[in-house]
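Engineer: What follows is a structure written as structure tokens; I'll ask about it next.
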Amino acid sequence: MGFCTVQSPIDGIFVLTMASSDGHQYLTDDAIGDLIASLTAVRDTPGLRGLVTTSRLGSFCDGVDHDAAGPPDEQVAARVGEVVRLLLEMPAPTAAAVNGDATSLGLALALAHDHCVVWEGAAVALPEARRRRPLPGYVAALLRDKVAYARLRKLLMLRAEACTGKELVGTWYSANDPAAADREAVAAEACELLEGIEVGSGKNYAAARQAMWPESCAAVGMEITRPRRPSSPEQILQISEKEREKHGASDQYQNKQTKIMKKIMYKTS
């Protein structure tokens, strides 16, 4: 039996269930390969309306087992980055049904989903600071994009403190409110949530997600088009100066530029 099983209890909505014999759902090399293959198959399925990722027993996902023999941490982090990218490119809404602890890169996996239905007793944490191990850049990007409060980001990433699903409500943009009281019903709640979302064009849905979370997308190597920032008053003044030199210092031209700058300064004050 592989790490992932995929079922479709509701037409067009797929449930990917992670399961390992120890209940930690560690992201081993084989497990990551299975995740990539399963997510790719779901992504390419015609009529896809949504994806729920959950686990069978124990933790949602405890990331990497640093005590076990395996590939170097950098290689594992890069491959998990592929999983995160697949989730961010998914042409339909996604939800993590976090029915157990989500730690280390397992928390990154949950954050990469559009929505999170979290069991109130689940613990989320990034213990790497305590273990003096680095985290890949996409973890920090996901935290900045998805977790509203800087203080919570600091507690998770720099102080390695754990939070429960109940404590996350209102501080995590994608966390469903309220936290789920029934651990066994988390996946069903996630399916119900996605069932109520109209997808439309899958390509447009993915593009909207990438516009919403540009930093996370860029951190896993996705090409994104960032909107141009509006010019600052100082930049516009420089342009106006060049235009004045070009057109001459006529009273009519100067009066026009003065009116424009007054509008800009009023809007930015």
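Every chain in the structure tokens takes a letter, A first, then B, and so on in the order presented; its residues are numbered from 1, and the ligands are numbered from 1 following the presented order.
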Find the residues around Asp11 (chain A) up to 9 Å (only C-alpha atoms counted), leave out those fewer than 5 positions away in its own chain, and share them as a PyMOL selection string.

Structural biologist: chain A and resi 47-49

Engineer: Please, could you write that set of residues out with C-alpha atoms as a PDB file, in the first residue's frame?

Structural biologist:
ATOM      1  CA  GLY A  47     -14.053  17.947 -14.446  1.00  0.00           C
ATOM      2  CA  LEU A  48     -11.962  18.576 -11.325  1.00  0.00           C
ATOM      3  CA  ARG A  49     -13.920  20.698  -8.824  1.00  0.00           C
TER       4      ARG A  49
END

Engineer: Which residues in region 48-237 of chain A does DSSP call strand (DSSP E)? List them as a list of chain:residue names.

Structural biologist: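 After running DSSP on the backbone, region 48-237 of chain A has strand (DSSP E) at A:Gly50, A:Leu51, A:Val52, A:Thr53, A:Thr54, A:Ser55, A:Thr94, A:Ala95, A:Ala96, A:Ala97, A:Val98, A:Ala102, A:Thr103, A:His115, A:Cys116, A:Val117, A:Val118, A:Ala123, A:Val124, A:Ala125, A:Cys163, A:Thr164.
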
Engineer: List the neighbours of Gly106 (chain A) out to 9 Å using only C-alpha atoms; skip same-chain residues closer than 3 positions along the sequence, and give me the result as a PyMOL selection string.

Structural biologist: chain A and resi 25-27+60-64+101-103+109-111+124

Engineer: Store the residues picked out above in a file with N, CA and C atoms, as a PDB file, in the first residue's frame.

Structural biologist:
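Below is the file selection-v3.pdb, written as the result:
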ATOM      1  N   GLN A  25       2.986  10.190   9.256  1.00  0.00           N
ATOM      2  CA  GLN A  25       2.920  10.678   7.872  1.00  0.00           C
ATOM      3  C   GLN A  25       4.181  11.474   7.514  1.00  0.00           C
ATOM      4  N   TYR A  26       5.335  10.900   7.864  1.00  0.00           N
ATOM      5  CA  TYR A  26       6.593  11.568   7.539  1.00  0.00           C
ATOM      6  C   TYR A  26       6.774  11.651   6.026  1.00  0.00           C
ATOM      7  N   LEU A  27       7.409  12.734   5.594  1.00  0.00           N
ATOM      8  CA  LEU A  27       7.650  12.948   4.166  1.00  0.00           C
ATOM      9  C   LEU A  27       8.972  12.298   3.764  1.00  0.00           C
ATOM     10  N   PHE A  60      -1.549  14.851  11.013  1.00  0.00           N
ATOM     11  CA  PHE A  60      -1.826  15.211   9.620  1.00  0.00           C
ATOM     12  C   PHE A  60      -0.552  14.966   8.813  1.00  0.00           C
ATOM     13  N   CYS A  61       0.549  15.558   9.256  1.00  0.00           N
ATOM     14  CA  CYS A  61       1.861  15.310   8.641  1.00  0.00           C
ATOM     15  C   CYS A  61       2.921  15.942   9.532  1.00  0.00           C
ATOM     16  N   ASP A  62       3.924  15.165   9.905  1.00  0.00           N
ATOM     17  CA  ASP A  62       4.985  15.664  10.775  1.00  0.00           C
ATOM     18  C   ASP A  62       6.262  16.008  10.010  1.00  0.00           C
ATOM     19  N   GLY A  63       6.133  16.227   8.708  1.00  0.00           N
ATOM     20  CA  GLY A  63       7.286  16.688   7.945  1.00  0.00           C
ATOM     21  C   GLY A  63       8.350  15.622   7.790  1.00  0.00           C
ATOM     22  N   VAL A  64       9.585  15.987   8.119  1.00  0.00           N
ATOM     23  CA  VAL A  64      10.729  15.116   7.895  1.00  0.00           C
ATOM     24  C   VAL A  64      11.162  14.464   9.211  1.00  0.00           C
ATOM     25  N   ASP A 101      -1.772  16.641  14.189  1.00  0.00           N
ATOM     26  CA  ASP A 101      -0.689  17.619  14.239  1.00  0.00           C
ATOM     27  C   ASP A 101      -0.079  17.867  12.860  1.00  0.00           C
ATOM     28  N   ALA A 102       0.282  19.119  12.598  1.00  0.00           N
ATOM     29  CA  ALA A 102       0.969  19.498  11.360  1.00  0.00           C
ATOM     30  C   ALA A 102       2.236  20.241  11.764  1.00  0.00           C
ATOM     31  N   THR A 103       3.369  19.600  11.635  1.00  0.00           N
ATOM     32  CA  THR A 103       4.621  20.195  12.085  1.00  0.00           C
ATOM     33  C   THR A 103       5.658  20.186  10.971  1.00  0.00           C
ATOM     34  N   LEU A 109       2.866  22.079   4.059  1.00  0.00           N
ATOM     35  CA  LEU A 109       1.931  21.360   3.201  1.00  0.00           C
ATOM     36  C   LEU A 109       0.501  21.839   3.436  1.00  0.00           C
ATOM     37  N   ALA A 110       0.121  22.021   4.699  1.00  0.00           N
ATOM     38  CA  ALA A 110      -1.222  22.510   5.016  1.00  0.00           C
ATOM     39  C   ALA A 110      -1.416  23.946   4.527  1.00  0.00           C
ATOM     40  N   LEU A 111      -0.413  24.788   4.749  1.00  0.00           N
ATOM     41  CA  LEU A 111      -0.515  26.195   4.360  1.00  0.00           C
ATOM     42  C   LEU A 111      -0.615  26.386   2.852  1.00  0.00           C
ATOM     43  N   VAL A 124       0.033  22.770  15.632  1.00  0.00           N
ATOM     44  CA  VAL A 124       0.861  23.155  14.483  1.00  0.00           C
ATOM     45  C   VAL A 124       2.132  23.802  15.029  1.00  0.00           C
TER      46      VAL A 124
END

Engineer: Do you know which residues are at most 12 Å from Gly2 (chain A) counting only C-alpha atoms, after dropping those on the same chain fewer than 4 positions away, and could you put them as number ranges by chain?

Structural biologist: A: 6, 16-21, 25, 28, 30-35, 37-38

Engineer: Would you list the contacts of Ala108 (chain A) as a list in words, taking every protein, DNA or RNA residue within 8 Å and counting only C-alpha atoms, but skipping same-chain residues closer than 5 positions in sequence?

Structural biologist: Val84, Val139 and Leu142 of chain A

Engineer: Taking the DSSP assignment computed from this structure's backbone, write out as an MDAnalysis selection string all residues of region 16-248 of chain A that belong to helix (DSSP H, G or I).

Structural biologist: chainID A and resid 29:43 73:89 105:111 128:131 137:146 150:157 165:168 183:195 202:212 214:219 233:247

Engineer: Find the distance between CA of Ala206 (chain A) and CA of Cys191 (chain A) and write it in Å to one decimal.

Structural biologist: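 For CA of Ala206 (chain A) relative to CA of Cys191 (chain A), the distance reads 19.0 Å.
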
Engineer: Could you tell me which of A:Glu167, A:Asp67, A:Asp114, A:Glu120 comes closest to Gly50 (chain A) if we count only C-alpha atoms?

Structural biologist: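 Selected residue with least distance to Gly50 (chain A): A:Asp114.
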